[in-house]
Amino acid sequence: MPALTYLIVLMVVPLTLVIAYAFLTAGRFGGVQGPVTLDNIGRLFEPLYLGILVSSVVNAGLATFFAFLIGFPAALAITRLPATWQTAALVAVVLPFWTNFLIRTYAWIILLNREGILSDALGLVGLGPVDFLYTRQAVILGLTYAYIPLMVLPIYASLQRLDPTLLEAARNLGAGPWRRFRTILLPLTLPGIITGCLFVFIPSLGNFVIPELLGGGNSQMIGNLVRDQFLKSRDWPFGSALALMVLALLVVIVMFQASASRRTRRWGA
Amino acid sequence: MASGDVLLDIHSVSRSFGDVRALDDVSLQIRENEFFALLGPSGCGKTTLLRVIAGFEQPDSGTVTLDGQDLLPIPPEKRAVNLMFQSYALFPHMTVERNVGYGLVCDKVPRDEIRTRVGEVLATVGLTDKRDALPKTLSGGQRQRVALARAIVKRPRLLLLDEPLSALDRKIRGEMQMELKRLQHEVGITFVVVTHDQDEAMSLADRVAVLDRGVVRQLASPMDLYRRPRSIFVADFIGNSTILRGTYGHGQWMADGVPPFAVADSAREAIAIALRPEAVTLVPEGSEGSRVRGEVVEVFFQGDHALCQVRVGGEMFLAALRDHGDHALPRRDEACGLTWADDAAVPLFEE
């Protein structure tokens, strides 16, 4: 019963509101009013908005990819540590979460701007100054950094469950490091990898703080667009329609994940 | 290649983990085509030795050669040594066919040849109809056959088997034991089995090395190990025996709490003697030829024989009663005499 209440209050009610708003007309000073219309849904397919959606998906996708590229070896390295060091390493992985998200993002501004540490360092070897800030790369870097712990933890959990003798067996049968990774490690930790990718991709897609602070005006993402509809343009119905579009996309992705993890469960323990 | 040529030469190999000497100057030679067993209690170093041969562990000192070639610098994936893991370590996401073919794929064997060879080896272990099954749908015995097939399909020079029968229940163990023996003849690969189970080692192997705390205590055929153990450890570890510490004097064995009895001169330097239960005969008290007298403490009926525990002074003797047929088994607390042939007492020279 508490679970049901929880679901109704935090999930069903807000979602119903968003769905309802998407089919209404904007009030003059925010809010919604009649009549019921499909205009908001129609506007989603304007090239401007579709373009922003696509570039958001690309940004979030690249951030996910890089988070995996760094996160998987990191998780693997942690599982190879002695037990006490593993705990310490895991604490270190989540440690950044104890600091405010905004402050951490501001720290990147200090690192990346034209007078920042990175630019200065490159200047010393004659390559600078370079403007890293307010570029698309900076946004992807910021997203990768922000959510990498969410990649490391589920992969670590998967690796922990993996029987290490499987890797020895593969090695004994003649598999080199790359083959062991490709044929044993990767398929058997796939559930953790998919979970990690979702954990990074979903919040990256909707994020509007990082594109704003590190991307400046150049790299709007779908999250910025939604926020602007509610807070600047006062067009709540269109904001809701955009939010629904993102939601629909994520539902498709989560369904894909569910089917993939069903497949891996067939292997049994 | 004639049987008898040295295939694997382990020379003076030592390996420590912290303060523990897992292998202490181990030397032994394994011959071409033989069925060899490394036997010892847990922690005796047998698994470490196995891992050294497979390449998962490097010794601190010593050499290991296979076919005269130095094995130690070769990484595990390049050694002509395959290992059947105790847990089988089957890949759960691959069918039986892909599991068995894995090693051949690694060697970039052409696809058609992989199919044929996997088919052949599955036929050898009797699993042709399980080709497309996933490991978790197989029984324990079938999984073991898959593991075995996977390890022999590459035709290694040496096959290592880590506790091959320990995970099976008693009935299948017997079948698998015969199967292993048959396979070894059939495929002509040198087998090295690592086990803590003396029955497994004794029934499978041509020769057995008994390990204790990183040291090879005795290397001999199963029959010699049983009949002529050199040390108290081996006599105690293999089979049941009555071990009597004591000293030799004037053709007599003097053990604490037991009246002196006659022994052969070969026991002159011994620190103990061992008596196998089947060499000891129970006779009526005071009858002629009775070497010692005692009383029956317990009788264990075993089917084809009964094992009888007899207290003699401060020592417990074991006597096996064969062919008891219709005769009643001795009763508890019954007084009796024990006797044995002069050469039945095996002298032991080491701890």
# chains A, B, ... in the order shown; residues from 1 in each chain; ligands from 1
$ interface_residues --of "chain B" --to "chain A" --cutoff "8 Å" --atoms "only C-alpha atoms" --output "list in words"
Ala54, Phe56, Pro76, Glu77, Lys78, Arg79, Val81, Asn82, Leu83, Phe85, Ala89, Leu90, Phe91, Pro92, His93, Tyr102, Gly103, Cys106, Asp107, Leu134, Pro135, Lys136 and Ala151 of chain B
$ select_by_dssp --residues "segment 36-142 of chain B" --states "alpha helix (DSSP H)" --output "PDB file with all heavy atoms, in the first residue's frame"
ATOM      1  N   LYS B  46      49.184 -28.615  -3.983  1.00  0.00           N
ATOM      2  CA  LYS B  46      48.913 -29.268  -5.269  1.00  0.00           C
ATOM      3  C   LYS B  46      48.252 -28.315  -6.263  1.00  0.00           C
ATOM      4  O   LYS B  46      48.562 -28.332  -7.446  1.00  0.00           O
ATOM      5  CB  LYS B  46      48.063 -30.525  -5.070  1.00  0.00           C
ATOM      6  CG  LYS B  46      46.731 -30.289  -4.381  1.00  0.00           C
ATOM      7  CD  LYS B  46      46.060 -31.618  -4.049  1.00  0.00           C
ATOM      8  CE  LYS B  46      44.610 -31.452  -3.608  1.00  0.00           C
ATOM      9  NZ  LYS B  46      44.420 -30.667  -2.381  1.00  0.00           N
ATOM     10  N   THR B  47      47.350 -27.457  -5.746  1.00  0.00           N
ATOM     11  CA  THR B  47      46.691 -26.517  -6.648  1.00  0.00           C
ATOM     12  C   THR B  47      47.679 -25.473  -7.168  1.00  0.00           C
ATOM     13  O   THR B  47      47.633 -25.090  -8.339  1.00  0.00           O
ATOM     14  CB  THR B  47      45.511 -25.847  -5.931  1.00  0.00           C
ATOM     15  OG1 THR B  47      44.616 -26.864  -5.499  1.00  0.00           O
ATOM     16  CG2 THR B  47      44.766 -24.898  -6.849  1.00  0.00           C
ATOM     17  N   THR B  48      48.599 -25.053  -6.294  1.00  0.00           N
ATOM     18  CA  THR B  48      49.622 -24.110  -6.731  1.00  0.00           C
ATOM     19  C   THR B  48      50.470 -24.719  -7.842  1.00  0.00           C
ATOM     20  O   THR B  48      50.756 -24.071  -8.853  1.00  0.00           O
ATOM     21  CB  THR B  48      50.518 -23.706  -5.543  1.00  0.00           C
ATOM     22  OG1 THR B  48      49.688 -23.229  -4.492  1.00  0.00           O
ATOM     23  CG2 THR B  48      51.503 -22.629  -5.945  1.00  0.00           C
ATOM     24  N   LEU B  49      50.813 -25.994  -7.665  1.00  0.00           N
ATOM     25  CA  LEU B  49      51.634 -26.662  -8.676  1.00  0.00           C
ATOM     26  C   LEU B  49      50.878 -26.741 -10.011  1.00  0.00           C
ATOM     27  O   LEU B  49      51.432 -26.484 -11.080  1.00  0.00           O
ATOM     28  CB  LEU B  49      52.017 -28.063  -8.191  1.00  0.00           C
ATOM     29  CG  LEU B  49      53.018 -28.817  -9.073  1.00  0.00           C
ATOM     30  CD1 LEU B  49      54.288 -27.993  -9.251  1.00  0.00           C
ATOM     31  CD2 LEU B  49      53.363 -30.169  -8.473  1.00  0.00           C
ATOM     32  N   LEU B  50      49.589 -27.048  -9.905  1.00  0.00           N
ATOM     33  CA  LEU B  50      48.742 -27.092 -11.101  1.00  0.00           C
ATOM     34  C   LEU B  50      48.731 -25.739 -11.810  1.00  0.00           C
ATOM     35  O   LEU B  50      48.846 -25.647 -13.025  1.00  0.00           O
ATOM     36  CB  LEU B  50      47.323 -27.478 -10.674  1.00  0.00           C
ATOM     37  CG  LEU B  50      46.250 -27.500 -11.754  1.00  0.00           C
ATOM     38  CD1 LEU B  50      46.038 -28.937 -12.184  1.00  0.00           C
ATOM     39  CD2 LEU B  50      44.950 -26.929 -11.248  1.00  0.00           C
ATOM     40  N   ARG B  51      48.611 -24.680 -11.008  1.00  0.00           N
ATOM     41  CA  ARG B  51      48.546 -23.336 -11.592  1.00  0.00           C
ATOM     42  C   ARG B  51      49.888 -22.915 -12.177  1.00  0.00           C
ATOM     43  O   ARG B  51      49.939 -22.149 -13.124  1.00  0.00           O
ATOM     44  CB  ARG B  51      48.048 -22.327 -10.553  1.00  0.00           C
ATOM     45  CG  ARG B  51      46.565 -22.555 -10.206  1.00  0.00           C
ATOM     46  CD  ARG B  51      46.079 -21.610  -9.117  1.00  0.00           C
ATOM     47  NE  ARG B  51      46.076 -20.212  -9.546  1.00  0.00           N
ATOM     48  CZ  ARG B  51      45.125 -19.673 -10.289  1.00  0.00           C
ATOM     49  NH1 ARG B  51      44.099 -20.399 -10.654  1.00  0.00           N
ATOM     50  NH2 ARG B  51      45.197 -18.408 -10.658  1.00  0.00           N
ATOM     51  N   VAL B  52      50.966 -23.440 -11.587  1.00  0.00           N
ATOM     52  CA  VAL B  52      52.292 -23.176 -12.167  1.00  0.00           C
ATOM     53  C   VAL B  52      52.400 -23.838 -13.535  1.00  0.00           C
ATOM     54  O   VAL B  52      52.865 -23.237 -14.506  1.00  0.00           O
ATOM     55  CB  VAL B  52      53.417 -23.666 -11.218  1.00  0.00           C
ATOM     56  CG1 VAL B  52      54.751 -23.724 -11.948  1.00  0.00           C
ATOM     57  CG2 VAL B  52      53.533 -22.755 -10.000  1.00  0.00           C
ATOM     58  N   ILE B  53      51.904 -25.079 -13.620  1.00  0.00           N
ATOM     59  CA  ILE B  53      51.998 -25.795 -14.895  1.00  0.00           C
ATOM     60  C   ILE B  53      51.113 -25.120 -15.958  1.00  0.00           C
ATOM     61  O   ILE B  53      51.491 -24.968 -17.104  1.00  0.00           O
ATOM     62  CB  ILE B  53      51.590 -27.281 -14.723  1.00  0.00           C
ATOM     63  CG1 ILE B  53      52.504 -27.977 -13.723  1.00  0.00           C
ATOM     64  CG2 ILE B  53      51.647 -28.013 -16.062  1.00  0.00           C
ATOM     65  CD1 ILE B  53      52.030 -29.363 -13.303  1.00  0.00           C
ATOM     66  N   ALA B  54      49.925 -24.665 -15.516  1.00  0.00           N
ATOM     67  CA  ALA B  54      49.012 -24.013 -16.459  1.00  0.00           C
ATOM     68  C   ALA B  54      49.476 -22.604 -16.811  1.00  0.00           C
ATOM     69  O   ALA B  54      49.074 -22.053 -17.827  1.00  0.00           O
ATOM     70  CB  ALA B  54      47.598 -23.963 -15.877  1.00  0.00           C
ATOM     71  N   VAL B  96      26.763 -25.701 -25.860  1.00  0.00           N
ATOM     72  CA  VAL B  96      27.778 -26.741 -25.690  1.00  0.00           C
ATOM     73  C   VAL B  96      28.759 -26.704 -26.859  1.00  0.00           C
ATOM     74  O   VAL B  96      29.977 -26.740 -26.674  1.00  0.00           O
ATOM     75  CB  VAL B  96      27.087 -28.126 -25.600  1.00  0.00           C
ATOM     76  CG1 VAL B  96      28.105 -29.238 -25.745  1.00  0.00           C
ATOM     77  CG2 VAL B  96      26.335 -28.250 -24.287  1.00  0.00           C
ATOM     78  N   GLU B  97      28.214 -26.596 -28.064  1.00  0.00           N
ATOM     79  CA  GLU B  97      29.072 -26.598 -29.236  1.00  0.00           C
ATOM     80  C   GLU B  97      30.064 -25.435 -29.218  1.00  0.00           C
ATOM     81  O   GLU B  97      31.252 -25.612 -29.493  1.00  0.00           O
ATOM     82  CB  GLU B  97      28.208 -26.523 -30.500  1.00  0.00           C
ATOM     83  CG  GLU B  97      29.033 -26.558 -31.766  1.00  0.00           C
ATOM     84  CD  GLU B  97      28.176 -26.753 -33.000  1.00  0.00           C
ATOM     85  OE1 GLU B  97      26.958 -26.474 -32.919  1.00  0.00           O
ATOM     86  OE2 GLU B  97      28.709 -27.186 -34.020  1.00  0.00           O
ATOM     87  N   ARG B  98      29.585 -24.242 -28.864  1.00  0.00           N
ATOM     88  CA  ARG B  98      30.485 -23.088 -28.848  1.00  0.00           C
ATOM     89  C   ARG B  98      31.472 -23.158 -27.698  1.00  0.00           C
ATOM     90  O   ARG B  98      32.618 -22.719 -27.814  1.00  0.00           O
ATOM     91  CB  ARG B  98      29.681 -21.786 -28.794  1.00  0.00           C
ATOM     92  CG  ARG B  98      29.019 -21.458 -30.139  1.00  0.00           C
ATOM     93  CD  ARG B  98      28.466 -20.044 -30.157  1.00  0.00           C
ATOM     94  NE  ARG B  98      29.490 -19.069 -29.866  1.00  0.00           N
ATOM     95  CZ  ARG B  98      29.253 -17.903 -29.239  1.00  0.00           C
ATOM     96  NH1 ARG B  98      28.046 -17.609 -28.845  1.00  0.00           N
ATOM     97  NH2 ARG B  98      30.237 -17.050 -29.026  1.00  0.00           N
ATOM     98  N   ASN B  99      31.040 -23.724 -26.569  1.00  0.00           N
ATOM     99  CA  ASN B  99      31.969 -23.930 -25.465  1.00  0.00           C
ATOM    100  C   ASN B  99      33.124 -24.815 -25.896  1.00  0.00           C
ATOM    101  O   ASN B  99      34.289 -24.485 -25.679  1.00  0.00           O
ATOM    102  CB  ASN B  99      31.238 -24.587 -24.289  1.00  0.00           C
ATOM    103  CG  ASN B  99      30.842 -23.601 -23.216  1.00  0.00           C
ATOM    104  OD1 ASN B  99      31.700 -23.109 -22.482  1.00  0.00           O
ATOM    105  ND2 ASN B  99      29.571 -23.289 -23.146  1.00  0.00           N
ATOM    106  N   VAL B 100      32.771 -25.949 -26.492  1.00  0.00           N
ATOM    107  CA  VAL B 100      33.795 -26.926 -26.864  1.00  0.00           C
ATOM    108  C   VAL B 100      34.685 -26.367 -27.976  1.00  0.00           C
ATOM    109  O   VAL B 100      35.898 -26.580 -27.987  1.00  0.00           O
ATOM    110  CB  VAL B 100      33.148 -28.262 -27.283  1.00  0.00           C
ATOM    111  CG1 VAL B 100      34.194 -29.236 -27.778  1.00  0.00           C
ATOM    112  CG2 VAL B 100      32.378 -28.861 -26.110  1.00  0.00           C
ATOM    113  N   GLY B 101      34.082 -25.609 -28.893  1.00  0.00           N
ATOM    114  CA  GLY B 101      34.852 -25.097 -30.023  1.00  0.00           C
ATOM    115  C   GLY B 101      35.683 -23.867 -29.692  1.00  0.00           C
ATOM    116  O   GLY B 101      36.487 -23.422 -30.521  1.00  0.00           O
ATOM    117  N   TYR B 102      35.488 -23.320 -28.469  1.00  0.00           N
ATOM    118  CA  TYR B 102      36.115 -22.034 -28.135  1.00  0.00           C
ATOM    119  C   TYR B 102      37.627 -22.027 -28.376  1.00  0.00           C
ATOM    120  O   TYR B 102      38.168 -21.116 -28.988  1.00  0.00           O
ATOM    121  CB  TYR B 102      35.816 -21.686 -26.679  1.00  0.00           C
ATOM    122  CG  TYR B 102      36.215 -20.282 -26.288  1.00  0.00           C
ATOM    123  CD1 TYR B 102      35.352 -19.219 -26.501  1.00  0.00           C
ATOM    124  CD2 TYR B 102      37.454 -20.020 -25.704  1.00  0.00           C
ATOM    125  CE1 TYR B 102      35.701 -17.933 -26.160  1.00  0.00           C
ATOM    126  CE2 TYR B 102      37.815 -18.731 -25.350  1.00  0.00           C
ATOM    127  CZ  TYR B 102      36.940 -17.683 -25.577  1.00  0.00           C
ATOM    128  OH  TYR B 102      37.299 -16.407 -25.235  1.00  0.00           O
ATOM    129  N   GLY B 103      38.290 -23.080 -27.881  1.00  0.00           N
ATOM    130  CA  GLY B 103      39.743 -23.138 -28.014  1.00  0.00           C
ATOM    131  C   GLY B 103      40.196 -23.210 -29.470  1.00  0.00           C
ATOM    132  O   GLY B 103      41.249 -22.679 -29.836  1.00  0.00           O
ATOM    133  N   LEU B 104      39.383 -23.855 -30.297  1.00  0.00           N
ATOM    134  CA  LEU B 104      39.742 -23.970 -31.714  1.00  0.00           C
ATOM    135  C   LEU B 104      39.554 -22.630 -32.416  1.00  0.00           C
ATOM    136  O   LEU B 104      40.339 -22.248 -33.286  1.00  0.00           O
ATOM    137  CB  LEU B 104      38.893 -25.057 -32.385  1.00  0.00           C
ATOM    138  CG  LEU B 104      39.076 -26.470 -31.823  1.00  0.00           C
ATOM    139  CD1 LEU B 104      38.105 -27.437 -32.457  1.00  0.00           C
ATOM    140  CD2 LEU B 104      40.511 -26.945 -32.028  1.00  0.00           C
ATOM    141  N   VAL B 105      38.490 -21.902 -32.013  1.00  0.00           N
ATOM    142  CA  VAL B 105      38.275 -20.570 -32.580  1.00  0.00           C
ATOM    143  C   VAL B 105      39.464 -19.677 -32.237  1.00  0.00           C
ATOM    144  O   VAL B 105      39.963 -18.923 -33.080  1.00  0.00           O
ATOM    145  CB  VAL B 105      36.956 -19.962 -32.057  1.00  0.00           C
ATOM    146  CG1 VAL B 105      36.802 -18.524 -32.523  1.00  0.00           C
ATOM    147  CG2 VAL B 105      35.764 -20.792 -32.512  1.00  0.00           C
ATOM    148  N   CYS B 106      39.942 -19.791 -31.008  1.00  0.00           N
ATOM    149  CA  CYS B 106      41.106 -18.998 -30.594  1.00  0.00           C
ATOM    150  C   CYS B 106      42.317 -19.308 -31.475  1.00  0.00           C
ATOM    151  O   CYS B 106      43.128 -18.431 -31.749  1.00  0.00           O
ATOM    152  CB  CYS B 106      41.476 -19.287 -29.137  1.00  0.00           C
ATOM    153  SG  CYS B 106      40.258 -18.721 -27.959  1.00  0.00           S
ATOM    154  N   ARG B 111      36.438 -22.954 -39.984  1.00  0.00           N
ATOM    155  CA  ARG B 111      35.107 -23.265 -39.460  1.00  0.00           C
ATOM    156  C   ARG B 111      34.670 -24.715 -39.643  1.00  0.00           C
ATOM    157  O   ARG B 111      34.162 -25.350 -38.719  1.00  0.00           O
ATOM    158  CB  ARG B 111      34.079 -22.383 -40.163  1.00  0.00           C
ATOM    159  CG  ARG B 111      33.658 -21.194 -39.363  1.00  0.00           C
ATOM    160  CD  ARG B 111      32.189 -21.003 -39.591  1.00  0.00           C
ATOM    161  NE  ARG B 111      31.766 -19.705 -39.106  1.00  0.00           N
ATOM    162  CZ  ARG B 111      30.865 -18.971 -39.721  1.00  0.00           C
ATOM    163  NH1 ARG B 111      30.349 -19.378 -40.854  1.00  0.00           N
ATOM    164  NH2 ARG B 111      30.489 -17.834 -39.205  1.00  0.00           N
ATOM    165  N   ASP B 112      34.880 -25.229 -40.855  1.00  0.00           N
ATOM    166  CA  ASP B 112      34.432 -26.593 -41.143  1.00  0.00           C
ATOM    167  C   ASP B 112      35.146 -27.597 -40.255  1.00  0.00           C
ATOM    168  O   ASP B 112      34.549 -28.527 -39.734  1.00  0.00           O
ATOM    169  CB  ASP B 112      34.712 -26.962 -42.616  1.00  0.00           C
ATOM    170  CG  ASP B 112      33.867 -26.121 -43.550  1.00  0.00           C
ATOM    171  OD1 ASP B 112      32.879 -25.551 -43.049  1.00  0.00           O
ATOM    172  OD2 ASP B 112      34.195 -26.035 -44.745  1.00  0.00           O
ATOM    173  N   GLU B 113      36.457 -27.338 -40.098  1.00  0.00           N
ATOM    174  CA  GLU B 113      37.242 -28.254 -39.276  1.00  0.00           C
ATOM    175  C   GLU B 113      36.775 -28.185 -37.825  1.00  0.00           C
ATOM    176  O   GLU B 113      36.724 -29.206 -37.134  1.00  0.00           O
ATOM    177  CB  GLU B 113      38.733 -27.901 -39.387  1.00  0.00           C
ATOM    178  CG  GLU B 113      39.619 -29.019 -38.876  1.00  0.00           C
ATOM    179  CD  GLU B 113      41.077 -28.614 -38.813  1.00  0.00           C
ATOM    180  OE1 GLU B 113      41.499 -27.800 -39.658  1.00  0.00           O
ATOM    181  OE2 GLU B 113      41.781 -29.109 -37.921  1.00  0.00           O
ATOM    182  N   ILE B 114      36.438 -26.964 -37.355  1.00  0.00           N
ATOM    183  CA  ILE B 114      35.944 -26.832 -35.985  1.00  0.00           C
ATOM    184  C   ILE B 114      34.685 -27.685 -35.808  1.00  0.00           C
ATOM    185  O   ILE B 114      34.575 -28.461 -34.854  1.00  0.00           O
ATOM    186  CB  ILE B 114      35.633 -25.361 -35.640  1.00  0.00           C
ATOM    187  CG1 ILE B 114      36.916 -24.543 -35.603  1.00  0.00           C
ATOM    188  CG2 ILE B 114      34.911 -25.263 -34.298  1.00  0.00           C
ATOM    189  CD1 ILE B 114      36.727 -23.080 -35.281  1.00  0.00           C
ATOM    190  N   ARG B 115      33.777 -27.578 -36.771  1.00  0.00           N
ATOM    191  CA  ARG B 115      32.525 -28.350 -36.689  1.00  0.00           C
ATOM    192  C   ARG B 115      32.807 -29.848 -36.587  1.00  0.00           C
ATOM    193  O   ARG B 115      32.233 -30.546 -35.747  1.00  0.00           O
ATOM    194  CB  ARG B 115      31.658 -28.082 -37.919  1.00  0.00           C
ATOM    195  CG  ARG B 115      30.750 -26.881 -37.783  1.00  0.00           C
ATOM    196  CD  ARG B 115      29.668 -26.889 -38.858  1.00  0.00           C
ATOM    197  NE  ARG B 115      28.645 -27.895 -38.615  1.00  0.00           N
ATOM    198  CZ  ARG B 115      27.628 -27.724 -37.787  1.00  0.00           C
ATOM    199  NH1 ARG B 115      27.498 -26.585 -37.132  1.00  0.00           N
ATOM    200  NH2 ARG B 115      26.737 -28.672 -37.602  1.00  0.00           N
ATOM    201  N   THR B 116      33.701 -30.320 -37.438  1.00  0.00           N
ATOM    202  CA  THR B 116      34.006 -31.756 -37.432  1.00  0.00           C
ATOM    203  C   THR B 116      34.641 -32.162 -36.106  1.00  0.00           C
ATOM    204  O   THR B 116      34.222 -33.149 -35.493  1.00  0.00           O
ATOM    205  CB  THR B 116      35.009 -32.115 -38.562  1.00  0.00           C
ATOM    206  OG1 THR B 116      35.033 -31.047 -39.495  1.00  0.00           O
ATOM    207  CG2 THR B 116      34.653 -33.396 -39.236  1.00  0.00           C
ATOM    208  N   ARG B 117      35.649 -31.399 -35.701  1.00  0.00           N
ATOM    209  CA  ARG B 117      36.375 -31.817 -34.486  1.00  0.00           C
ATOM    210  C   ARG B 117      35.501 -31.741 -33.247  1.00  0.00           C
ATOM    211  O   ARG B 117      35.574 -32.611 -32.370  1.00  0.00           O
ATOM    212  CB  ARG B 117      37.644 -30.979 -34.318  1.00  0.00           C
ATOM    213  CG  ARG B 117      38.762 -31.498 -35.222  1.00  0.00           C
ATOM    214  CD  ARG B 117      39.973 -30.604 -35.243  1.00  0.00           C
ATOM    215  NE  ARG B 117      40.689 -30.564 -33.973  1.00  0.00           N
ATOM    216  CZ  ARG B 117      41.803 -29.861 -33.791  1.00  0.00           C
ATOM    217  NH1 ARG B 117      42.309 -29.173 -34.797  1.00  0.00           N
ATOM    218  NH2 ARG B 117      42.398 -29.862 -32.630  1.00  0.00           N
ATOM    219  N   VAL B 118      34.664 -30.686 -33.173  1.00  0.00           N
ATOM    220  CA  VAL B 118      33.752 -30.584 -32.032  1.00  0.00           C
ATOM    221  C   VAL B 118      32.773 -31.757 -32.065  1.00  0.00           C
ATOM    222  O   VAL B 118      32.496 -32.382 -31.035  1.00  0.00           O
ATOM    223  CB  VAL B 118      33.004 -29.231 -32.043  1.00  0.00           C
ATOM    224  CG1 VAL B 118      31.868 -29.224 -31.031  1.00  0.00           C
ATOM    225  CG2 VAL B 118      33.972 -28.097 -31.753  1.00  0.00           C
ATOM    226  N   GLY B 119      32.291 -32.093 -33.278  1.00  0.00           N
ATOM    227  CA  GLY B 119      31.377 -33.227 -33.418  1.00  0.00           C
ATOM    228  C   GLY B 119      32.024 -34.518 -32.937  1.00  0.00           C
ATOM    229  O   GLY B 119      31.427 -35.287 -32.186  1.00  0.00           O
ATOM    230  N   GLU B 120      33.273 -34.712 -33.327  1.00  0.00           N
ATOM    231  CA  GLU B 120      33.989 -35.931 -32.927  1.00  0.00           C
ATOM    232  C   GLU B 120      34.137 -36.035 -31.415  1.00  0.00           C
ATOM    233  O   GLU B 120      33.839 -37.064 -30.821  1.00  0.00           O
ATOM    234  CB  GLU B 120      35.394 -35.931 -33.541  1.00  0.00           C
ATOM    235  CG  GLU B 120      35.452 -36.379 -34.989  1.00  0.00           C
ATOM    236  CD  GLU B 120      36.817 -36.079 -35.605  1.00  0.00           C
ATOM    237  OE1 GLU B 120      37.786 -35.844 -34.843  1.00  0.00           O
ATOM    238  OE2 GLU B 120      36.891 -36.068 -36.841  1.00  0.00           O
ATOM    239  N   VAL B 121      34.570 -34.925 -30.828  1.00  0.00           N
ATOM    240  CA  VAL B 121      34.868 -34.995 -29.398  1.00  0.00           C
ATOM    241  C   VAL B 121      33.571 -35.099 -28.591  1.00  0.00           C
ATOM    242  O   VAL B 121      33.519 -35.757 -27.548  1.00  0.00           O
ATOM    243  CB  VAL B 121      35.771 -33.813 -28.967  1.00  0.00           C
ATOM    244  CG1 VAL B 121      34.989 -32.546 -28.812  1.00  0.00           C
ATOM    245  CG2 VAL B 121      36.535 -34.137 -27.700  1.00  0.00           C
ATOM    246  N   LEU B 122      32.489 -34.489 -29.079  1.00  0.00           N
ATOM    247  CA  LEU B 122      31.200 -34.638 -28.394  1.00  0.00           C
ATOM    248  C   LEU B 122      30.716 -36.079 -28.484  1.00  0.00           C
ATOM    249  O   LEU B 122      30.107 -36.606 -27.553  1.00  0.00           O
ATOM    250  CB  LEU B 122      30.152 -33.690 -28.988  1.00  0.00           C
ATOM    251  CG  LEU B 122      30.269 -32.230 -28.555  1.00  0.00           C
ATOM    252  CD1 LEU B 122      29.186 -31.381 -29.209  1.00  0.00           C
ATOM    253  CD2 LEU B 122      30.199 -32.101 -27.041  1.00  0.00           C
ATOM    254  N   ALA B 123      31.017 -36.729 -29.621  1.00  0.00           N
ATOM    255  CA  ALA B 123      30.659 -38.141 -29.749  1.00  0.00           C
ATOM    256  C   ALA B 123      31.467 -38.970 -28.749  1.00  0.00           C
ATOM    257  O   ALA B 123      30.937 -39.881 -28.115  1.00  0.00           O
ATOM    258  CB  ALA B 123      30.913 -38.619 -31.170  1.00  0.00           C
ATOM    259  N   THR B 124      32.746 -38.624 -28.591  1.00  0.00           N
ATOM    260  CA  THR B 124      33.601 -39.362 -27.642  1.00  0.00           C
ATOM    261  C   THR B 124      33.049 -39.300 -26.221  1.00  0.00           C
ATOM    262  O   THR B 124      33.091 -40.274 -25.496  1.00  0.00           O
ATOM    263  CB  THR B 124      35.028 -38.768 -27.635  1.00  0.00           C
ATOM    264  OG1 THR B 124      35.418 -38.542 -28.977  1.00  0.00           O
ATOM    265  CG2 THR B 124      35.997 -39.693 -26.961  1.00  0.00           C
ATOM    266  N   GLY B 140      25.011 -32.258 -13.704  1.00  0.00           N
ATOM    267  CA  GLY B 140      26.399 -32.132 -13.283  1.00  0.00           C
ATOM    268  C   GLY B 140      27.339 -33.005 -14.098  1.00  0.00           C
ATOM    269  O   GLY B 140      28.403 -32.567 -14.529  1.00  0.00           O
ATOM    270  N   GLY B 141      26.935 -34.253 -14.318  1.00  0.00           N
ATOM    271  CA  GLY B 141      27.777 -35.171 -15.075  1.00  0.00           C
ATOM    272  C   GLY B 141      27.955 -34.717 -16.523  1.00  0.00           C
ATOM    273  O   GLY B 141      29.049 -34.805 -17.079  1.00  0.00           O
ATOM    274  N   GLN B 142      26.879 -34.184 -17.094  1.00  0.00           N
ATOM    275  CA  GLN B 142      26.966 -33.702 -18.478  1.00  0.00           C
ATOM    276  C   GLN B 142      27.867 -32.473 -18.563  1.00  0.00           C
ATOM    277  O   GLN B 142      28.676 -32.346 -19.482  1.00  0.00           O
ATOM    278  CB  GLN B 142      25.566 -33.362 -18.991  1.00  0.00           C
ATOM    279  CG  GLN B 142      24.718 -34.593 -19.250  1.00  0.00           C
ATOM    280  CD  GLN B 142      23.275 -34.239 -19.526  1.00  0.00           C
ATOM    281  OE1 GLN B 142      22.775 -33.208 -19.079  1.00  0.00           O
ATOM    282  NE2 GLN B 142      22.591 -35.085 -20.267  1.00  0.00           N
TER     283      GLN B 142
END
$ residues_around --residues "segment 135-143 of chain A" --least-positions-apart "2" --cutoff "7 Å" --atoms "only C-alpha atoms" --output "ChimeraX atom specification"
/A:59,62-63,132-133,145-147,204,210-211,214-215,218-219
$ residues_around --residues "segment 5-22 of chain B" --least-positions-apart "2" --cutoff "9 Å" --atoms "only C-alpha atoms" --output "MDAnalysis selection string"
chainID B and resid 1:3 24:33 43:46 48:49 53 57:68 157:158 190 213:215
$ atom_distance --atom1 "atom CA of Asp265 of chain B" --atom2 "atom CA of Thr247 of chain B"
11.9 Å
$ closest_residue --among "B:Val125, B:Val192, B:Leu72, B:Val234" --to "Ala149 of chain B" --atoms "only C-alpha atoms"
B:Val125
$ atom_distance --atom1 "atom CA of Asp39 of chain A" --atom2 "atom CA of Thr25 of chain A"
8.5 Å
$ residues_around --residues "Ala167 of chain B" --least-positions-apart "3" --cutoff "8 Å" --atoms "only C-alpha atoms" --output "list in words"
Gln86, Ser87, Gly140 and Pro164 of chain B
